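A.B. asks: My structure is stored as my_file-v8.pdb, with PDB, C-alpha atoms, pLDDT in the B column.
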ATOM      1  CA  MET T 168     206.513  93.517 154.467  1.00 59.00           C
ATOM      2  CA  PRO T 169     206.156  97.226 155.327  1.00 64.00           C
ATOM      3  CA  ILE T 170     202.789  98.973 155.099  1.00 65.00           C
ATOM      4  CA  ASP T 171     202.549 101.283 152.079  1.00 63.00           C
ATOM      5  CA  ARG T 172     200.736 104.285 153.575  1.00 61.00           C
ATOM      6  CA  GLU T 173     200.504 106.103 150.252  1.00 55.00           C
ATOM      7  CA  LYS T 174     198.899 103.124 148.531  1.00 63.00           C
ATOM      8  CA  ILE T 175     196.369 102.635 151.333  1.00 67.00           C
ATOM      9  CA  ARG T 176     195.515 106.348 151.297  1.00 61.00           C
ATOM     10  CA  GLU T 177     195.022 106.298 147.509  1.00 59.00           C
ATOM     11  CA  ILE T 178     192.800 103.195 147.675  1.00 66.00           C
ATOM     12  CA  MET T 179     190.664 104.818 150.368  1.00 62.00           C
ATOM     13  CA  ARG T 180     190.283 107.982 148.284  1.00 56.00           C
ATOM     14  CA  GLN T 181     189.376 106.012 145.154  1.00 60.00           C
ATOM     15  CA  ARG T 182     186.765 103.929 146.989  1.00 60.00           C
ATOM     16  CA  SER T 183     185.209 107.008 148.537  1.00 52.00           C
ATOM     17  CA  GLY T 184     185.288 108.844 145.202  1.00 49.00           C
ATOM     18  CA  ARG T 185     187.489 111.605 146.634  1.00 48.00           C
ATOM     19  CA  ARG T 186     190.752 112.903 145.197  1.00 48.00           C
ATOM     20  CA  SER T 187     191.176 115.438 147.978  1.00 50.00           C
ATOM     21  CA  ILE T 188     191.354 115.286 151.767  1.00 73.00           C
ATOM     22  CA  GLY T 189     189.481 118.522 152.276  1.00 84.00           C
ATOM     23  CA  ALA T 190     189.554 122.247 151.677  1.00 90.00           C
ATOM     24  CA  CYS T 191     192.641 124.420 151.698  1.00 93.00           C
ATOM     25  CA  PRO T 192     193.028 126.204 155.063  1.00 93.00           C
ATOM     26  CA  VAL T 193     193.964 129.430 153.238  1.00 94.00           C
ATOM     27  CA  CYS T 194     191.701 129.436 150.161  1.00 92.00           C
ATOM     28  CA  LYS T 195     188.835 127.790 152.073  1.00 88.00           C
ATOM     29  CA  ASN T 196     186.838 126.573 149.040  1.00 84.00           C
ATOM     30  CA  THR T 197     189.689 125.052 147.040  1.00 89.00           C
ATOM     31  CA  PRO T 198     189.995 121.278 147.529  1.00 90.00           C
ATOM     32  CA  LEU T 199     193.494 119.959 148.182  1.00 90.00           C
ATOM     33  CA  GLN T 200     194.891 117.623 145.532  1.00 88.00           C
ATOM     34  CA  SER T 201     197.185 114.657 146.092  1.00 83.00           C
ATOM     35  CA  ILE T 202     200.684 114.930 144.651  1.00 78.00           C
ATOM     36  CA  LYS T 203     203.776 112.788 145.070  1.00 73.00           C
ATOM     37  CA  VAL T 204     206.948 114.575 146.106  1.00 66.00           C
ATOM     38  CA  GLU T 205     210.097 112.474 146.241  1.00 60.00           C
ATOM     39  CA  GLY T 206     208.018 109.321 146.720  1.00 65.00           C
ATOM     40  CA  THR T 207     205.869 110.724 149.527  1.00 67.00           C
ATOM     41  CA  GLU T 208     202.254 111.722 148.913  1.00 73.00           C
ATOM     42  CA  GLN T 209     201.240 115.183 150.073  1.00 79.00           C
ATOM     43  CA  ASP T 210     198.107 117.235 149.703  1.00 89.00           C
ATOM     44  CA  PHE T 211     198.631 120.432 147.756  1.00 89.00           C
ATOM     45  CA  CYS T 212     196.569 123.541 146.966  1.00 92.00           C
ATOM     46  CA  ASP T 213     196.706 124.459 143.282  1.00 89.00           C
ATOM     47  CA  SER T 214     195.663 128.009 144.107  1.00 91.00           C
ATOM     48  CA  CYS T 215     197.974 129.220 146.920  1.00 93.00           C
ATOM     49  CA  HIS T 216     200.585 126.408 146.631  1.00 92.00           C
ATOM     50  CA  GLY T 217     200.296 125.493 150.295  1.00 93.00           C
ATOM     51  CA  ILE T 218     200.968 121.908 151.354  1.00 91.00           C
ATOM     52  CA  TRP T 219     199.511 119.621 154.022  1.00 91.00           C
ATOM     53  CA  LEU T 220     201.893 117.158 155.653  1.00 87.00           C
ATOM     54  CA  ASP T 221     200.397 114.309 157.650  1.00 86.00           C
ATOM     55  CA  SER T 222     202.153 113.315 160.857  1.00 83.00           C
ATOM     56  CA  GLY T 223     205.624 112.004 159.975  1.00 79.00           C
ATOM     57  CA  GLU T 224     205.675 113.438 156.447  1.00 77.00           C
ATOM     58  CA  ALA T 225     207.679 116.527 157.414  1.00 72.00           C
ATOM     59  CA  THR T 226     210.557 114.234 158.329  1.00 66.00           C
ATOM     60  CA  GLU T 227     210.246 112.371 155.033  1.00 68.00           C
ATOM     61  CA  ILE T 228     210.119 115.436 152.797  1.00 64.00           C
ATOM     62  CA  ALA T 229     212.891 117.294 154.641  1.00 56.00           C
ATOM     63  CA  GLU T 230     214.951 114.143 155.298  1.00 59.00           C
ATOM     64  CA  GLY T 231     215.046 114.762 159.015  1.00 57.00           C
ATOM     65  CA  VAL T 232     214.564 112.578 162.049  1.00 51.00           C
ATOM     66  CA  LYS T 233     211.355 114.011 163.538  1.00 62.00           C
ATOM     67  CA  ASP T 234     208.633 116.489 162.491  1.00 72.00           C
ATOM     68  CA  PHE T 235     209.724 119.215 164.957  1.00 78.00           C
ATOM     69  CA  PRO T 236     213.255 119.744 166.297  1.00 75.00           C
ATOM     70  CA  ASP T 237     211.766 120.259 169.796  1.00 85.00           C
ATOM     71  CA  PHE T 238     208.004 119.777 169.812  1.00 89.00           C
ATOM     72  CA  GLU T 239     207.624 120.575 173.527  1.00 93.00           C
ATOM     73  CA  TRP T 240     209.299 123.966 172.996  1.00 93.00           C
ATOM     74  CA  SER T 241     207.128 124.694 169.933  1.00 92.00           C
ATOM     75  CA  TRP T 242     203.915 123.572 171.656  1.00 95.00           C
ATOM     76  CA  SER T 243     204.616 125.744 174.709  1.00 96.00           C
ATOM     77  CA  ARG T 244     204.646 128.803 172.393  1.00 96.00           C
ATOM     78  CA  ARG T 245     201.475 127.983 170.427  1.00 96.00           C
ATOM     79  CA  LYS T 246     198.875 130.555 169.455  1.00 97.00           C
ATOM     80  CA  ALA T 247     195.403 129.990 168.073  1.00 97.00           C
ATOM     81  CA  SER T 248     195.420 129.954 164.274  1.00 96.00           C
ATOM     82  CA  VAL T 249     192.648 131.316 162.074  1.00 95.00           C
ATOM     83  CA  LYS T 250     193.127 128.340 159.747  1.00 95.00           C
ATOM     84  CA  LEU T 251     190.946 125.229 159.909  1.00 94.00           C
ATOM     85  CA  SER T 252     192.339 121.723 159.629  1.00 93.00           C
ATOM     86  CA  PRO T 253     191.799 120.084 156.225  1.00 92.00           C
ATOM     87  CA  LYS T 254     191.671 116.709 157.997  1.00 88.00           C
ATOM     88  CA  HIS T 255     189.100 117.777 160.588  1.00 87.00           C
ATOM     89  CA  PRO T 256     186.768 120.378 159.045  1.00 83.00           C
ATOM     90  CA  GLY T 257     185.580 122.934 161.559  1.00 87.00           C
ATOM     91  CA  GLU T 258     188.542 122.357 163.879  1.00 92.00           C
ATOM     92  CA  SER T 259     190.924 125.289 164.279  1.00 95.00           C
ATOM     93  CA  MET T 260     194.633 124.631 164.154  1.00 96.00           C
ATOM     94  CA  TRP T 261     197.442 126.049 166.282  1.00 96.00           C
ATOM     95  CA  GLU T 262     200.225 128.296 165.002  1.00 97.00           C
ATOM     96  CA  LEU T 263     203.558 127.013 166.310  1.00 94.00           C
ATOM     97  CA  PRO T 264     207.052 128.390 165.867  1.00 95.00           C
ATOM     98  CA  TYR T 265     208.886 125.577 164.103  1.00 91.00           C
ATOM     99  CA  ALA T 266     212.256 125.934 165.832  1.00 90.00           C
ATOM    100  CA  GLU T 267     213.912 128.184 168.364  1.00 91.00           C
ATOM    101  CA  GLY T 268     215.753 131.084 166.736  1.00 91.00           C
ATOM    102  CA  GLU T 269     213.903 130.691 163.416  1.00 92.00           C
ATOM    103  CA  ASN T 270     211.086 132.772 161.909  1.00 93.00           C
ATOM    104  CA  LEU T 271     209.112 129.848 160.434  1.00 93.00           C
ATOM    105  CA  LYS T 272     205.654 129.385 161.946  1.00 95.00           C
ATOM    106  CA  VAL T 273     203.551 126.404 160.906  1.00 94.00           C
ATOM    107  CA  ASP T 274     199.894 125.569 161.453  1.00 95.00           C
ATOM    108  CA  PHE T 275     199.449 122.356 163.420  1.00 94.00           C
ATOM    109  CA  CYS T 276     196.359 120.157 163.783  1.00 94.00           C
ATOM    110  CA  GLU T 277     196.324 118.813 167.326  1.00 94.00           C
ATOM    111  CA  THR T 278     194.011 115.905 166.443  1.00 92.00           C
ATOM    112  CA  SER T 279     195.827 114.529 163.388  1.00 88.00           C
ATOM    113  CA  ARG T 280     199.259 116.000 164.274  1.00 90.00           C
ATOM    114  CA  GLY T 281     199.536 117.219 160.683  1.00 90.00           C
ATOM    115  CA  ILE T 282     201.293 120.402 159.558  1.00 90.00           C
ATOM    116  CA  TRP T 283     200.136 123.066 157.092  1.00 94.00           C
ATOM    117  CA  LEU T 284     202.859 124.989 155.241  1.00 92.00           C
ATOM    118  CA  ASP T 285     202.064 128.082 153.199  1.00 93.00           C
ATOM    119  CA  GLY T 286     203.464 128.161 149.656  1.00 87.00           C
ATOM    120  CA  SER T 287     206.987 129.382 150.383  1.00 84.00           C
ATOM    121  CA  GLU T 288     207.505 127.607 153.707  1.00 89.00           C
ATOM    122  CA  ILE T 289     208.548 124.142 152.489  1.00 82.00           C
ATOM    123  CA  ALA T 290     211.979 125.452 151.424  1.00 84.00           C
ATOM    124  CA  GLU T 291     212.419 127.101 154.821  1.00 88.00           C
ATOM    125  CA  LEU T 292     211.459 123.860 156.591  1.00 82.00           C
ATOM    126  CA  GLU T 293     214.001 121.906 154.526  1.00 81.00           C
ATOM    127  CA  ARG T 294     216.732 124.462 155.318  1.00 83.00           C
ATOM    128  CA  ILE T 295     216.046 124.364 159.053  1.00 83.00           C
ATOM    129  CA  VAL T 296     215.974 120.556 159.150  1.00 79.00           C
ATOM    130  CA  ALA T 297     219.228 120.334 157.178  1.00 78.00           C
ATOM    131  CA  ASP T 298     220.906 122.834 159.513  1.00 77.00           C
ATOM    132  CA  ARG T 299     219.684 121.218 162.727  1.00 71.00           C
ATOM    133  CA  THR T 300     219.794 117.490 162.064  1.00 69.00           C
ATOM    134  CA  ASP T 301     222.957 115.600 162.918  1.00 68.00           C
ATOM    135  CA  PRO T 302     224.259 113.912 159.737  1.00 67.00           C
ATOM    136  CA  ASP T 303     224.840 110.667 161.686  1.00 70.00           C
ATOM    137  CA  GLN T 304     221.173 110.638 162.771  1.00 66.00           C
ATOM    138  CA  ARG T 305     220.082 111.132 159.156  1.00 62.00           C
ATOM    139  CA  LEU T 306     222.383 108.324 158.034  1.00 69.00           C
ATOM    140  CA  HIS T 307     221.044 105.939 160.702  1.00 66.00           C
ATOM    141  CA  LYS T 308     217.462 106.773 159.727  1.00 64.00           C
ATOM    142  CA  MET T 309     218.237 106.229 156.041  1.00 68.00           C
ATOM    143  CA  MET T 310     219.920 102.874 156.784  1.00 73.00           C
ATOM    144  CA  GLY T 311     216.944 101.808 158.916  1.00 72.00           C
ATOM    145  CA  ASN T 312     214.558 102.682 156.084  1.00 67.00           C
ATOM    146  CA  MET T 313     216.671 100.752 153.575  1.00 73.00           C
ATOM    147  CA  ILE T 314     216.727  97.697 155.842  1.00 78.00           C
ATOM    148  CA  ARG T 315     212.964  97.997 156.470  1.00 76.00           C
ATOM    149  CA  ASP T 316     212.261  98.282 152.733  1.00 76.00           C
ATOM    150  CA  GLY T 317     214.447  95.271 151.892  1.00 80.00           C
ATOM    151  CA  TYR T 318     217.260  97.107 150.079  1.00 80.00           C
ATOM    152  CA  ILE T 319     219.830  95.957 152.623  1.00 79.00           C
ATOM    153  CA  CYS T 320     219.944  92.622 154.385  1.00 77.00           C
ATOM    154  CA  LEU T 321     222.198  92.266 157.399  1.00 72.00           C
ATOM    155  CA  SER T 322     222.842  88.692 158.424  1.00 67.00           C
TER     156      SER T 322
END
Any chance you could give the structure as structure tokens?

C.D. replies:
Amino acid sequence: MPIDREKIREIMRQRSGRRSIGACPVCKNTPLQSIKVEGTEQDFCDSCHGIWLDSGEATEIAEGVKDFPDFEWSWSRRKASVKLSPKHPGESMWELPYAEGENLKVDFCETSRGIWLDGSEIAELERIVADRTDPDQRLHKMMGNMIRDGYICLS
């Protein structure tokens, strides 16, 4: 049986009395709220509409294969960000170009490997992933997820 990350995260928040993971990196004093987008839980700022994606969630929301098309390339071009990680208060994030030849820059928490997207950047991320991900890779990932979740049984 697969581990339900969203359910575990929600239980942990309920037991700790928290509905939010931390403060918005842009608004600073606004707590992030949990929302479900296409079955995946993300942390969202009601004020600036930014979104926090834990490690692996960028691939889920954009239906890609990995969080960054070429992480090594992105990491080699990092710059210090003025934004603090909502997962690790007090820790500055890094600003990384998301993909070569694209204008999208995301804020990346080195410790949690999470990504912060400003309000309008989720659509840009989805466009880049759709343009750069091989349809066969997406199909294989989708089939693997369906097998893992028990929707398909190969015997």

A.B. asks: Evaluated on this file, the PyMOL selection byres ((chain T and resi 262-271) around 10) picks out some residues - which ones are they, written as a ChimeraX atom specification?

C.D. replies: /T:234-238,240-250,259-261,272-276,282-284,288-289,291-292,295-296,299

A.B. asks: Got a sec to resolve the PyMOL selection byres ((chain T and resi 187-194) around 8) on this structure and send the residues as a count of residues only?

C.D. replies: 21

A.B. asks: For atom CA of Ser222 of chain T and atom CA of Ser287 of chain T, quote the distance in Å rounded to one decimal.

C.D. replies: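 Between these atoms lies a distance of 19.8 Å.
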
A.B. asks: Atom CA of Gln209 of chain T and atom CA of Gly281 of chain T, how far apart in Å?

C.D. replies: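 One can read the atom CA of Gly281 of chain T to atom CA of Gln209 of chain T distance as 10.9 Å.
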
A.B. asks: Quote the spacing between atom CA of Glu208 of chain T and atom CA of Asp285 of chain T in Å to one decimal place.

C.D. replies: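 For atom CA of Glu208 of chain T relative to atom CA of Asp285 of chain T, the distance reads 16.9 Å.
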
A.B. asks: What's the 9 Å shell around Ile319 of chain T, counting all atoms listed in the file, without same-chain residues fewer than 5 positions away, as a list in words?

C.D. replies: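 Once the adjacent positions are removed, what remains is Met310, Met313 and Ile314 of chain T.
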
A.B. asks: Please save C-alpha atoms of the selected residues as a PDB file, keeping the file's coordinate frame.

C.D. replies:
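The resulting file, result.pdb, is shown below:
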ATOM      1  CA  MET T 310     219.920 102.874 156.784  1.00 73.00           C
ATOM      2  CA  MET T 313     216.671 100.752 153.575  1.00 73.00           C
ATOM      3  CA  ILE T 314     216.727  97.697 155.842  1.00 78.00           C
TER       4      ILE T 314
END

A.B. asks: Axis-aligned box over every listed atom of segment 215-219 of chain T, padded by 6 Å per side: centre and edges in Å to one decimal, as AutoDock Vina command-line options?

C.D. replies:
--center_x 199.5 --center_y 124.4 --center_z 150.3 --size_x 15.0 --size_y 21.6 --size_z 19.4

A.B. asks: Just add N, CA, C and O atoms to segment 190-211 of chain T and send it as a PDB file, in the frame of the given file.

C.D. replies:
ATOM      1  N   ALA T 190     189.339 120.908 152.232  1.00 90.00           N
ATOM      2  CA  ALA T 190     189.554 122.247 151.677  1.00 90.00           C
ATOM      3  C   ALA T 190     190.865 122.843 152.175  1.00 90.00           C
ATOM      4  O   ALA T 190     191.333 122.550 153.271  1.00 90.00           O
ATOM      5  N   CYS T 191     191.425 123.705 151.352  1.00 93.00           N
ATOM      6  CA  CYS T 191     192.641 124.420 151.698  1.00 93.00           C
ATOM      7  C   CYS T 191     192.357 125.331 152.893  1.00 93.00           C
ATOM      8  O   CYS T 191     191.369 126.065 152.894  1.00 93.00           O
ATOM      9  N   PRO T 192     193.222 125.336 153.907  1.00 93.00           N
ATOM     10  CA  PRO T 192     193.028 126.204 155.063  1.00 93.00           C
ATOM     11  C   PRO T 192     193.144 127.699 154.736  1.00 93.00           C
ATOM     12  O   PRO T 192     192.628 128.528 155.471  1.00 93.00           O
ATOM     13  N   VAL T 193     193.787 128.029 153.627  1.00 94.00           N
ATOM     14  CA  VAL T 193     193.964 129.430 153.238  1.00 94.00           C
ATOM     15  C   VAL T 193     192.867 129.857 152.271  1.00 94.00           C
ATOM     16  O   VAL T 193     192.192 130.865 152.480  1.00 94.00           O
ATOM     17  N   CYS T 194     192.668 129.084 151.206  1.00 92.00           N
ATOM     18  CA  CYS T 194     191.701 129.436 150.161  1.00 92.00           C
ATOM     19  C   CYS T 194     190.269 129.058 150.530  1.00 92.00           C
ATOM     20  O   CYS T 194     189.327 129.494 149.878  1.00 92.00           O
ATOM     21  N   LYS T 195     190.112 128.235 151.509  1.00 88.00           N
ATOM     22  CA  LYS T 195     188.835 127.790 152.073  1.00 88.00           C
ATOM     23  C   LYS T 195     187.964 126.935 151.153  1.00 88.00           C
ATOM     24  O   LYS T 195     187.514 125.897 151.550  1.00 88.00           O
ATOM     25  N   ASN T 196     187.723 127.338 149.926  1.00 84.00           N
ATOM     26  CA  ASN T 196     186.838 126.573 149.040  1.00 84.00           C
ATOM     27  C   ASN T 196     187.593 125.738 148.015  1.00 84.00           C
ATOM     28  O   ASN T 196     186.977 125.040 147.227  1.00 84.00           O
ATOM     29  N   THR T 197     188.900 125.811 148.002  1.00 89.00           N
ATOM     30  CA  THR T 197     189.689 125.052 147.040  1.00 89.00           C
ATOM     31  C   THR T 197     190.042 123.695 147.640  1.00 89.00           C
ATOM     32  O   THR T 197     190.673 123.626 148.696  1.00 89.00           O
ATOM     33  N   PRO T 198     189.640 122.598 146.999  1.00 90.00           N
ATOM     34  CA  PRO T 198     189.995 121.278 147.529  1.00 90.00           C
ATOM     35  C   PRO T 198     191.488 120.993 147.324  1.00 90.00           C
ATOM     36  O   PRO T 198     192.075 121.371 146.309  1.00 90.00           O
ATOM     37  N   LEU T 199     192.094 120.353 148.298  1.00 90.00           N
ATOM     38  CA  LEU T 199     193.494 119.959 148.182  1.00 90.00           C
ATOM     39  C   LEU T 199     193.597 118.753 147.251  1.00 90.00           C
ATOM     40  O   LEU T 199     192.729 117.887 147.249  1.00 90.00           O
ATOM     41  N   GLN T 200     194.661 118.715 146.472  1.00 88.00           N
ATOM     42  CA  GLN T 200     194.891 117.623 145.532  1.00 88.00           C
ATOM     43  C   GLN T 200     196.109 116.815 145.969  1.00 88.00           C
ATOM     44  O   GLN T 200     197.081 117.371 146.470  1.00 88.00           O
ATOM     45  N   SER T 201     196.060 115.518 145.744  1.00 83.00           N
ATOM     46  CA  SER T 201     197.185 114.657 146.092  1.00 83.00           C
ATOM     47  C   SER T 201     198.277 114.775 145.054  1.00 83.00           C
ATOM     48  O   SER T 201     198.014 114.735 143.856  1.00 83.00           O
ATOM     49  N   ILE T 202     199.513 114.938 145.532  1.00 78.00           N
ATOM     50  CA  ILE T 202     200.684 114.930 144.651  1.00 78.00           C
ATOM     51  C   ILE T 202     201.757 114.077 145.326  1.00 78.00           C
ATOM     52  O   ILE T 202     201.738 113.905 146.542  1.00 78.00           O
ATOM     53  N   LYS T 203     202.654 113.540 144.524  1.00 73.00           N
ATOM     54  CA  LYS T 203     203.776 112.788 145.070  1.00 73.00           C
ATOM     55  C   LYS T 203     205.030 113.634 144.949  1.00 73.00           C
ATOM     56  O   LYS T 203     205.371 114.119 143.875  1.00 73.00           O
ATOM     57  N   VAL T 204     205.703 113.827 146.072  1.00 66.00           N
ATOM     58  CA  VAL T 204     206.948 114.575 146.106  1.00 66.00           C
ATOM     59  C   VAL T 204     208.015 113.654 146.666  1.00 66.00           C
ATOM     60  O   VAL T 204     207.914 113.204 147.803  1.00 66.00           O
ATOM     61  N   GLU T 205     209.001 113.352 145.833  1.00 60.00           N
ATOM     62  CA  GLU T 205     210.097 112.474 146.241  1.00 60.00           C
ATOM     63  C   GLU T 205     209.587 111.176 146.871  1.00 60.00           C
ATOM     64  O   GLU T 205     210.073 110.726 147.894  1.00 60.00           O
ATOM     65  N   GLY T 206     208.539 110.602 146.270  1.00 65.00           N
ATOM     66  CA  GLY T 206     208.018 109.321 146.720  1.00 65.00           C
ATOM     67  C   GLY T 206     207.048 109.385 147.885  1.00 65.00           C
ATOM     68  O   GLY T 206     206.529 108.370 148.307  1.00 65.00           O
ATOM     69  N   THR T 207     206.800 110.570 148.412  1.00 67.00           N
ATOM     70  CA  THR T 207     205.869 110.724 149.527  1.00 67.00           C
ATOM     71  C   THR T 207     204.673 111.527 149.052  1.00 67.00           C
ATOM     72  O   THR T 207     204.830 112.567 148.436  1.00 67.00           O
ATOM     73  N   GLU T 208     203.475 111.032 149.347  1.00 73.00           N
ATOM     74  CA  GLU T 208     202.254 111.722 148.913  1.00 73.00           C
ATOM     75  C   GLU T 208     201.922 112.858 149.868  1.00 73.00           C
ATOM     76  O   GLU T 208     201.902 112.674 151.080  1.00 73.00           O
ATOM     77  N   GLN T 209     201.700 114.036 149.302  1.00 79.00           N
ATOM     78  CA  GLN T 209     201.240 115.183 150.073  1.00 79.00           C
ATOM     79  C   GLN T 209     199.983 115.745 149.439  1.00 79.00           C
ATOM     80  O   GLN T 209     199.661 115.432 148.315  1.00 79.00           O
ATOM     81  N   ASP T 210     199.320 116.597 150.187  1.00 89.00           N
ATOM     82  CA  ASP T 210     198.107 117.235 149.703  1.00 89.00           C
ATOM     83  C   ASP T 210     198.420 118.698 149.478  1.00 89.00           C
ATOM     84  O   ASP T 210     198.915 119.386 150.375  1.00 89.00           O
ATOM     85  N   PHE T 211     198.134 119.166 148.273  1.00 89.00           N
ATOM     86  CA  PHE T 211     198.631 120.432 147.756  1.00 89.00           C
ATOM     87  C   PHE T 211     197.478 121.291 147.273  1.00 89.00           C
ATOM     88  O   PHE T 211     196.516 120.793 146.706  1.00 89.00           O
TER      89      PHE T 211
END
